[in-house]
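J.: Questions regarding the structure given below will be posed in turn.
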Amino acid sequence: MITRDGGSRGGVVTVSVGEVGLAGDVVVPAEPRGVVLFAHGSGSSRHSPRNVAVARALNAGGLGTVLIDLLTPAEDEVDAVTAELRFDIGLLADRLAGVVDWLASERPAGTAPVGLFGASTGAAAALVAAARRPDLVRAVVSRGGRPDLAGAALGQVRAPTLLLVGGLDEQVIDLNQEALNQLTAPAELRVIPGATHLFEEPGTLEQVAEAARDWFQDQL
């Protein structure tokens, strides 16, 4: 259920995608400029402190956010042991596309345009979902992502895409450059100086949040 609190609405939702129900946290400011769906990766969840911090910055910028678990609790238990589902980009993208469809049909953010924010392997899922829903997804941001894992879908993405990578995350910079070369949509690779993969250094995550906010405000 989504309830109103002052000028915004927020709450926990369960989104049915195929045969599973996915738990999500929704915040929608009054008259949102857009709504951003987060795709977590590498064993993370919707409670990721980094993505929660970015979501709050987007909310402050007038953007709605949906932080959702793309795996069920039972799948999370399996993945904690095998680490196989976090790299199942097809599965994650299928579910992300299903949540995009839910946003379009149930309209928790009204008719606000949709953007996707992907972290780590979630970035690849976001790009595949964007390629599958070109009429619904209007912008993509990747944080420390593995867009290269989106494969052939990169050439099918139509949404303007921002790739954010830490300056000390050299291997991931190279992988993002390779992905950038395959993107045919408007795209930019931006390196955050002095940041490692998780952007744990002082001020670096704030730079990510600011860049993502500006990108979504411009594109949505």
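Going through the structure tokens in order, the chains are called A, B, and so on, while each chain numbers its residues from 1 and the ligands are numbered from 1 in the order shown.
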Tell me, counting only C-alpha atoms, for each residue of region 21-88 of chain A within 10 Å of region 194-210 of chain A, which pair of atoms is nearest and how far apart they are in Å to one decimal, in rows ordered by chain and increasing number, as CSV.
T.:
```
residue,atom,partner,partner_atom,distance
A:Arg50,CA,A:Leu205,CA,7.4
A:Asn51,CA,A:Ala209,CA,9.0
A:Ala53,CA,A:Ala209,CA,7.7
A:Val54,CA,A:Ala209,CA,4.9
A:Ala55,CA,A:Ala209,CA,7.9
A:Arg56,CA,A:Ala209,CA,8.8
A:Ala57,CA,A:Ala209,CA,6.1
A:Leu58,CA,A:Ala209,CA,7.3
A:Gly61,CA,A:Glu210,CA,9.4
```
J.: Extract, using only C-alpha atoms, all DNA, RNA and protein residues at most 10 Å from Gly24 (chain A), discarding same-chain residues fewer than 6 positions from it, and format them as a ChimeraX atom specification.
T.: /A:11-15,37-38,45-47,65-70,99
J.: Using DSSP on the backbone, list every residue of region 41-78 of chain A that comes out as strand (DSSP E or B), and give them as a list in words.
T.: Leu63, Gly64, Thr65, Val66, Leu67 and Ile68 of chain A
J.: Counting only C-alpha atoms, figure out which residue out of A:Ala74, A:Ala97, A:Ala153, A:Ala109 gets nearest to Pro29 (chain A).
T.: A:Ala109
J.: Can you pull out every residue within 12 Å of Thr72 (chain A), counting only C-alpha atoms, but drop anything in the same chain fewer than 4 positions away, and send it as a PyMOL selection string?
T.: chain A and resi 14-17+19-24+43+45-46+68+76-79+85-86+92+95
J.: Set the distance at 12 Å and use only C-alpha atoms: which residues neighbour Arg107 (chain A) once local chain neighbours fewer than 3 positions away are removed? I'd like the list as a compact mmCIF listing (two decimals) with N, CA, C and O atoms, in the first residue's frame.
T.:
```
# COMPACT_ATOMS: atom_id res chain seq x y z
N ILE A 2 0.49 2.24 -0.79
CA ILE A 2 1.21 3.50 -0.84
C ILE A 2 0.37 4.56 -0.16
O ILE A 2 -0.77 4.79 -0.53
N VAL A 26 8.59 2.43 -2.51
CA VAL A 26 8.22 3.48 -3.45
C VAL A 26 8.13 4.81 -2.72
O VAL A 26 7.53 4.90 -1.65
N VAL A 28 7.15 8.81 -3.98
CA VAL A 28 6.72 9.65 -5.09
C VAL A 28 6.46 11.06 -4.57
O VAL A 28 5.48 11.28 -3.86
N PRO A 32 5.83 14.61 -9.53
CA PRO A 32 7.19 14.15 -9.85
C PRO A 32 7.58 14.48 -11.29
O PRO A 32 6.77 14.42 -12.20
N GLY A 34 9.73 12.72 -12.84
CA GLY A 34 9.99 11.40 -13.41
C GLY A 34 10.03 10.41 -12.27
O GLY A 34 9.95 10.78 -11.10
N VAL A 35 10.13 9.13 -12.62
CA VAL A 35 10.26 8.10 -11.59
C VAL A 35 11.40 7.18 -12.01
O VAL A 35 11.51 6.78 -13.17
N GLY A 64 10.54 10.63 -8.37
CA GLY A 64 10.07 9.46 -7.65
C GLY A 64 11.09 8.34 -7.77
O GLY A 64 11.90 8.31 -8.70
N VAL A 66 11.74 3.90 -7.10
CA VAL A 66 11.27 2.55 -6.77
C VAL A 66 12.50 1.69 -6.57
O VAL A 66 13.25 1.42 -7.51
N VAL A 99 8.53 -4.86 -13.94
CA VAL A 99 8.24 -3.74 -13.03
C VAL A 99 8.00 -2.46 -13.83
O VAL A 99 7.16 -1.63 -13.45
N VAL A 100 8.72 -2.29 -14.94
CA VAL A 100 8.45 -1.15 -15.82
C VAL A 100 7.02 -1.21 -16.33
O VAL A 100 6.30 -0.19 -16.35
N ASP A 101 6.57 -2.39 -16.71
CA ASP A 101 5.18 -2.56 -17.15
C ASP A 101 4.20 -2.22 -16.04
O ASP A 101 3.15 -1.62 -16.28
N TRP A 102 4.55 -2.60 -14.80
CA TRP A 102 3.71 -2.29 -13.65
C TRP A 102 3.61 -0.78 -13.45
O TRP A 102 2.54 -0.25 -13.18
N LEU A 103 4.73 -0.08 -13.60
CA LEU A 103 4.71 1.38 -13.47
C LEU A 103 3.79 2.00 -14.52
O LEU A 103 3.10 2.98 -14.25
N ALA A 104 3.80 1.41 -15.72
CA ALA A 104 2.98 1.96 -16.80
C ALA A 104 1.50 1.65 -16.61
O ALA A 104 0.64 2.46 -16.97
N GLY A 110 1.80 8.28 -11.42
CA GLY A 110 1.02 8.93 -12.46
C GLY A 110 1.61 8.65 -13.83
O GLY A 110 2.01 7.52 -14.13
N THR A 111 1.69 9.65 -14.66
CA THR A 111 2.22 9.49 -16.01
C THR A 111 3.68 9.94 -16.11
O THR A 111 4.18 10.19 -17.21
N ALA A 112 4.36 10.06 -14.97
CA ALA A 112 5.76 10.50 -14.97
C ALA A 112 6.61 9.55 -15.81
O ALA A 112 6.46 8.32 -15.72
N PRO A 113 7.52 10.08 -16.63
CA PRO A 113 8.39 9.22 -17.43
C PRO A 113 9.32 8.40 -16.56
O PRO A 113 9.65 8.79 -15.43
N VAL A 114 9.77 7.26 -17.09
CA VAL A 114 10.52 6.27 -16.32
C VAL A 114 12.00 6.29 -16.69
O VAL A 114 12.37 6.31 -17.88
```
J.: Name the closest residue to Trp215 (chain A) among the candidates A:Val52, A:Ala159, A:Leu91, A:Ala179; distances are taken between atoms, counting only C-alpha atoms.
T.: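 The closest residue to Trp215 (chain A) is A:Ala159.
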J.: Nearest to Ala187 (chain A) among A:Val140, A:Leu168, A:Ala211, A:Ala150, with distances taken over only C-alpha atoms: which residue is it?
T.: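 The answer is A:Val140, which sits nearest to Ala187 (chain A).
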J.: In Å to one decimal, how far is CA of Gly122 (chain A) from CA of Glu170 (chain A)?
T.: 19.2 Å
J.: Can you tell me which residues surround Gly144 (chain A) at a distance of at most 7 Å, considering only C-alpha atoms, apart from same-chain residues fewer than 4 positions away, and format the answer as number ranges by chain?
T.: A: 119-120, 164-166, 197
J.: For all heavy atoms, I'd like the residues from the last selection saved as a compact mmCIF listing (two decimals), in the first residue's frame.
T.:
```txt
# COMPACT_ATOMS: atom_id res chain seq x y z
N ALA A 119 23.16 -0.70 -10.71
CA ALA A 119 24.46 -0.81 -10.05
C ALA A 119 25.02 -2.21 -10.28
O ALA A 119 24.28 -3.20 -10.24
CB ALA A 119 24.33 -0.54 -8.56
N SER A 120 26.32 -2.28 -10.55
CA SER A 120 27.01 -3.56 -10.76
C SER A 120 26.30 -4.36 -11.86
O SER A 120 26.03 -3.83 -12.93
CB SER A 120 27.07 -4.33 -9.43
OG SER A 120 27.93 -5.44 -9.55
N LEU A 164 28.69 5.85 -14.88
CA LEU A 164 29.50 6.44 -13.81
C LEU A 164 30.43 5.37 -13.23
O LEU A 164 29.96 4.31 -12.81
CB LEU A 164 28.61 7.00 -12.71
CG LEU A 164 27.65 8.13 -13.11
CD1 LEU A 164 26.65 8.41 -12.00
CD2 LEU A 164 28.44 9.39 -13.45
N VAL A 165 31.73 5.67 -13.21
CA VAL A 165 32.71 4.69 -12.74
C VAL A 165 33.73 5.40 -11.86
O VAL A 165 34.10 6.55 -12.12
CB VAL A 165 33.44 4.02 -13.93
CG1 VAL A 165 34.33 2.89 -13.43
CG2 VAL A 165 32.45 3.48 -14.95
N GLY A 166 34.21 4.70 -10.83
CA GLY A 166 35.25 5.25 -9.97
C GLY A 166 36.59 5.31 -10.69
O GLY A 166 36.96 4.39 -11.43
N HIS A 197 35.41 0.99 -6.45
CA HIS A 197 34.21 0.40 -7.04
C HIS A 197 32.93 0.74 -6.28
O HIS A 197 31.88 0.97 -6.88
CB HIS A 197 34.38 -1.13 -7.10
CG HIS A 197 33.25 -1.83 -7.77
ND1 HIS A 197 32.95 -1.65 -9.11
CD2 HIS A 197 32.32 -2.71 -7.29
CE1 HIS A 197 31.89 -2.39 -9.42
NE2 HIS A 197 31.50 -3.04 -8.34
```
J.: Could you tell me, as a ChimeraX atom specification, which residues of region 66-182 of chain A DSSP assigns to alpha helix (DSSP H) when given the backbone?
T.: /A:73-82,89-106,121-132,170-182
J.: List the neighbours of Gln217 (chain A) out to 9 Å using only C-alpha atoms; skip same-chain residues closer than 2 positions along the sequence, and give me the result as a PDB file with N, CA and C atoms, in the first residue's frame.
T.:
```pdb
ATOM      1  N   ARG A  33       8.869  14.824 -11.463  1.00  0.00           N
ATOM      2  CA  ARG A  33       9.390  15.099 -12.801  1.00  0.00           C
ATOM      3  C   ARG A  33       9.671  13.813 -13.552  1.00  0.00           C
ATOM      4  N   GLY A  34       9.733  12.716 -12.839  1.00  0.00           N
ATOM      5  CA  GLY A  34       9.986  11.403 -13.407  1.00  0.00           C
ATOM      6  C   GLY A  34      10.026  10.406 -12.273  1.00  0.00           C
ATOM      7  N   GLY A  61      15.315  16.035  -5.502  1.00  0.00           N
ATOM      8  CA  GLY A  61      15.302  16.714  -6.786  1.00  0.00           C
ATOM      9  C   GLY A  61      13.987  16.578  -7.527  1.00  0.00           C
ATOM     10  N   GLY A  62      12.949  16.128  -6.827  1.00  0.00           N
ATOM     11  CA  GLY A  62      11.630  16.047  -7.445  1.00  0.00           C
ATOM     12  C   GLY A  62      11.361  14.804  -8.258  1.00  0.00           C
ATOM     13  N   LEU A  63      12.163  13.755  -8.048  1.00  0.00           N
ATOM     14  CA  LEU A  63      12.003  12.511  -8.788  1.00  0.00           C
ATOM     15  C   LEU A  63      11.476  11.409  -7.874  1.00  0.00           C
ATOM     16  N   ALA A 212      23.590  11.661 -11.273  1.00  0.00           N
ATOM     17  CA  ALA A 212      22.383  10.914 -11.631  1.00  0.00           C
ATOM     18  C   ALA A 212      21.159  11.813 -11.609  1.00  0.00           C
ATOM     19  N   ARG A 213      21.052  12.632 -10.580  1.00  0.00           N
ATOM     20  CA  ARG A 213      19.916  13.562 -10.478  1.00  0.00           C
ATOM     21  C   ARG A 213      19.852  14.482 -11.685  1.00  0.00           C
ATOM     22  N   ASP A 214      20.995  15.074 -12.037  1.00  0.00           N
ATOM     23  CA  ASP A 214      21.021  16.006 -13.156  1.00  0.00           C
ATOM     24  C   ASP A 214      20.667  15.302 -14.460  1.00  0.00           C
ATOM     25  N   TRP A 215      21.176  14.097 -14.639  1.00  0.00           N
ATOM     26  CA  TRP A 215      20.916  13.329 -15.875  1.00  0.00           C
ATOM     27  C   TRP A 215      19.424  13.028 -16.007  1.00  0.00           C
ATOM     28  N   GLN A 219      16.870  14.412 -18.836  1.00  0.00           N
ATOM     29  CA  GLN A 219      16.349  13.464 -19.827  1.00  0.00           C
ATOM     30  C   GLN A 219      14.878  13.120 -19.605  1.00  0.00           C
ATOM     31  N   LEU A 220      14.407  13.222 -18.360  1.00  0.00           N
ATOM     32  CA  LEU A 220      13.012  12.858 -18.081  1.00  0.00           C
ATOM     33  C   LEU A 220      12.109  14.079 -18.121  1.00  0.00           C
TER      34      LEU A 220
END
```
J.: Work out how far CA of Asp25 (chain A) is from CA of Glu84 (chain A), in Å to one decimal.
T.: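 Atom-to-atom, CA of Glu84 (chain A) and CA of Asp25 (chain A) are spaced 24.8 Å apart.
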J.: List the spatial neighbours of region 125-130 of chain A as JSON, numbers by chain - criterion: any atom at most 8 Å away, only C-alpha atoms, same-chain residues fewer than 6 positions off excluded.
T.: {"A": [39, 89, 90, 92, 93, 94, 96, 97, 116, 117, 118, 136, 137, 140, 147, 150, 153, 154, 157, 158, 159]}
J.: Those selected residues, please, written with N, CA, C and O atoms and delivered as a PDB file, in the first residue's frame.
T.:
```pdb
ATOM      1  N   ALA A  39      17.890  -0.967 -10.111  1.00  0.00           N
ATOM      2  CA  ALA A  39      18.233  -2.378 -10.317  1.00  0.00           C
ATOM      3  C   ALA A  39      19.517  -2.672  -9.559  1.00  0.00           C
ATOM      4  O   ALA A  39      20.592  -2.181  -9.913  1.00  0.00           O
ATOM      5  N   ILE A  89      21.591 -12.273 -16.105  1.00  0.00           N
ATOM      6  CA  ILE A  89      21.122 -10.994 -16.607  1.00  0.00           C
ATOM      7  C   ILE A  89      19.752 -11.128 -17.273  1.00  0.00           C
ATOM      8  O   ILE A  89      18.907 -10.240 -17.146  1.00  0.00           O
ATOM      9  N   GLY A  90      19.517 -12.240 -17.949  1.00  0.00           N
ATOM     10  CA  GLY A  90      18.215 -12.449 -18.584  1.00  0.00           C
ATOM     11  C   GLY A  90      17.081 -12.464 -17.582  1.00  0.00           C
ATOM     12  O   GLY A  90      16.045 -11.817 -17.780  1.00  0.00           O
ATOM     13  N   LEU A  92      17.120 -11.189 -14.454  1.00  0.00           N
ATOM     14  CA  LEU A  92      16.990  -9.874 -13.826  1.00  0.00           C
ATOM     15  C   LEU A  92      16.317  -8.876 -14.773  1.00  0.00           C
ATOM     16  O   LEU A  92      15.476  -8.072 -14.349  1.00  0.00           O
ATOM     17  N   ALA A  93      16.668  -8.923 -16.053  1.00  0.00           N
ATOM     18  CA  ALA A  93      16.079  -8.005 -17.024  1.00  0.00           C
ATOM     19  C   ALA A  93      14.598  -8.300 -17.238  1.00  0.00           C
ATOM     20  O   ALA A  93      13.788  -7.378 -17.383  1.00  0.00           O
ATOM     21  N   ASP A  94      14.244  -9.586 -17.266  1.00  0.00           N
ATOM     22  CA  ASP A  94      12.823  -9.956 -17.395  1.00  0.00           C
ATOM     23  C   ASP A  94      12.013  -9.338 -16.259  1.00  0.00           C
ATOM     24  O   ASP A  94      10.932  -8.776 -16.484  1.00  0.00           O
ATOM     25  N   LEU A  96      12.878  -6.809 -14.262  1.00  0.00           N
ATOM     26  CA  LEU A  96      12.919  -5.351 -14.319  1.00  0.00           C
ATOM     27  C   LEU A  96      11.926  -4.830 -15.350  1.00  0.00           C
ATOM     28  O   LEU A  96      11.201  -3.854 -15.091  1.00  0.00           O
ATOM     29  N   ALA A  97      11.866  -5.469 -16.505  1.00  0.00           N
ATOM     30  CA  ALA A  97      10.902  -5.070 -17.532  1.00  0.00           C
ATOM     31  C   ALA A  97       9.475  -5.245 -17.024  1.00  0.00           C
ATOM     32  O   ALA A  97       8.590  -4.434 -17.330  1.00  0.00           O
ATOM     33  N   LEU A 116      15.884   4.298 -15.426  1.00  0.00           N
ATOM     34  CA  LEU A 116      16.441   3.137 -14.735  1.00  0.00           C
ATOM     35  C   LEU A 116      17.822   3.474 -14.192  1.00  0.00           C
ATOM     36  O   LEU A 116      18.640   4.092 -14.891  1.00  0.00           O
ATOM     37  N   PHE A 117      18.078   3.068 -12.947  1.00  0.00           N
ATOM     38  CA  PHE A 117      19.380   3.254 -12.308  1.00  0.00           C
ATOM     39  C   PHE A 117      19.897   1.874 -11.950  1.00  0.00           C
ATOM     40  O   PHE A 117      19.304   1.165 -11.133  1.00  0.00           O
ATOM     41  N   GLY A 118      21.011   1.472 -12.558  1.00  0.00           N
ATOM     42  CA  GLY A 118      21.542   0.139 -12.314  1.00  0.00           C
ATOM     43  C   GLY A 118      22.910   0.180 -11.679  1.00  0.00           C
ATOM     44  O   GLY A 118      23.757   0.997 -12.051  1.00  0.00           O
ATOM     45  N   LEU A 136       8.988   3.040 -23.134  1.00  0.00           N
ATOM     46  CA  LEU A 136       8.679   3.338 -21.742  1.00  0.00           C
ATOM     47  C   LEU A 136       9.885   3.883 -20.975  1.00  0.00           C
ATOM     48  O   LEU A 136       9.722   4.745 -20.104  1.00  0.00           O
ATOM     49  N   VAL A 137      11.072   3.380 -21.260  1.00  0.00           N
ATOM     50  CA  VAL A 137      12.269   3.790 -20.524  1.00  0.00           C
ATOM     51  C   VAL A 137      12.921   4.956 -21.251  1.00  0.00           C
ATOM     52  O   VAL A 137      13.337   4.838 -22.402  1.00  0.00           O
ATOM     53  N   VAL A 140      18.807   6.077 -18.652  1.00  0.00           N
ATOM     54  CA  VAL A 140      19.487   5.053 -17.852  1.00  0.00           C
ATOM     55  C   VAL A 140      20.738   5.655 -17.235  1.00  0.00           C
ATOM     56  O   VAL A 140      21.456   6.425 -17.888  1.00  0.00           O
ATOM     57  N   PRO A 147      27.942  -2.807 -17.706  1.00  0.00           N
ATOM     58  CA  PRO A 147      27.095  -2.723 -18.895  1.00  0.00           C
ATOM     59  C   PRO A 147      27.523  -3.674 -19.998  1.00  0.00           C
ATOM     60  O   PRO A 147      26.719  -4.028 -20.866  1.00  0.00           O
ATOM     61  N   ALA A 150      25.443  -6.690 -20.859  1.00  0.00           N
ATOM     62  CA  ALA A 150      24.186  -6.569 -21.619  1.00  0.00           C
ATOM     63  C   ALA A 150      24.332  -7.118 -23.031  1.00  0.00           C
ATOM     64  O   ALA A 150      23.328  -7.334 -23.726  1.00  0.00           O
ATOM     65  N   ALA A 153      22.292  -6.376 -26.602  1.00  0.00           N
ATOM     66  CA  ALA A 153      21.224  -5.419 -26.289  1.00  0.00           C
ATOM     67  C   ALA A 153      21.742  -3.985 -26.280  1.00  0.00           C
ATOM     68  O   ALA A 153      20.965  -3.045 -26.460  1.00  0.00           O
ATOM     69  N   LEU A 154      23.047  -3.798 -26.094  1.00  0.00           N
ATOM     70  CA  LEU A 154      23.601  -2.446 -26.042  1.00  0.00           C
ATOM     71  C   LEU A 154      23.273  -1.657 -27.299  1.00  0.00           C
ATOM     72  O   LEU A 154      22.930  -0.475 -27.241  1.00  0.00           O
ATOM     73  N   VAL A 157      19.572  -0.201 -27.312  1.00  0.00           N
ATOM     74  CA  VAL A 157      19.125   0.778 -26.325  1.00  0.00           C
ATOM     75  C   VAL A 157      18.874   2.113 -27.016  1.00  0.00           C
ATOM     76  O   VAL A 157      19.706   2.580 -27.801  1.00  0.00           O
ATOM     77  N   ARG A 158      17.733   2.721 -26.732  1.00  0.00           N
ATOM     78  CA  ARG A 158      17.392   4.024 -27.304  1.00  0.00           C
ATOM     79  C   ARG A 158      17.413   5.135 -26.251  1.00  0.00           C
ATOM     80  O   ARG A 158      17.378   6.308 -26.592  1.00  0.00           O
ATOM     81  N   ALA A 159      17.465   4.774 -24.995  1.00  0.00           N
ATOM     82  CA  ALA A 159      17.436   5.757 -23.912  1.00  0.00           C
ATOM     83  C   ALA A 159      18.818   6.361 -23.702  1.00  0.00           C
ATOM     84  O   ALA A 159      19.822   5.633 -23.659  1.00  0.00           O
TER      85      ALA A 159
END
```
J.: Rounded to one decimal in Å, what is the spacing between CA of Arg146 (chain A) and CA of Gly18 (chain A)?
T.: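 Separating CA of Arg146 (chain A) from CA of Gly18 (chain A) is a distance of 25.6 Å.
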J.: Pick out the closest residue to Leu180 (chain A) from this set: A:Glu31, A:Pro193, A:Arg138, A:Gly155. Count only C-alpha atoms.
T.: A:Gly155
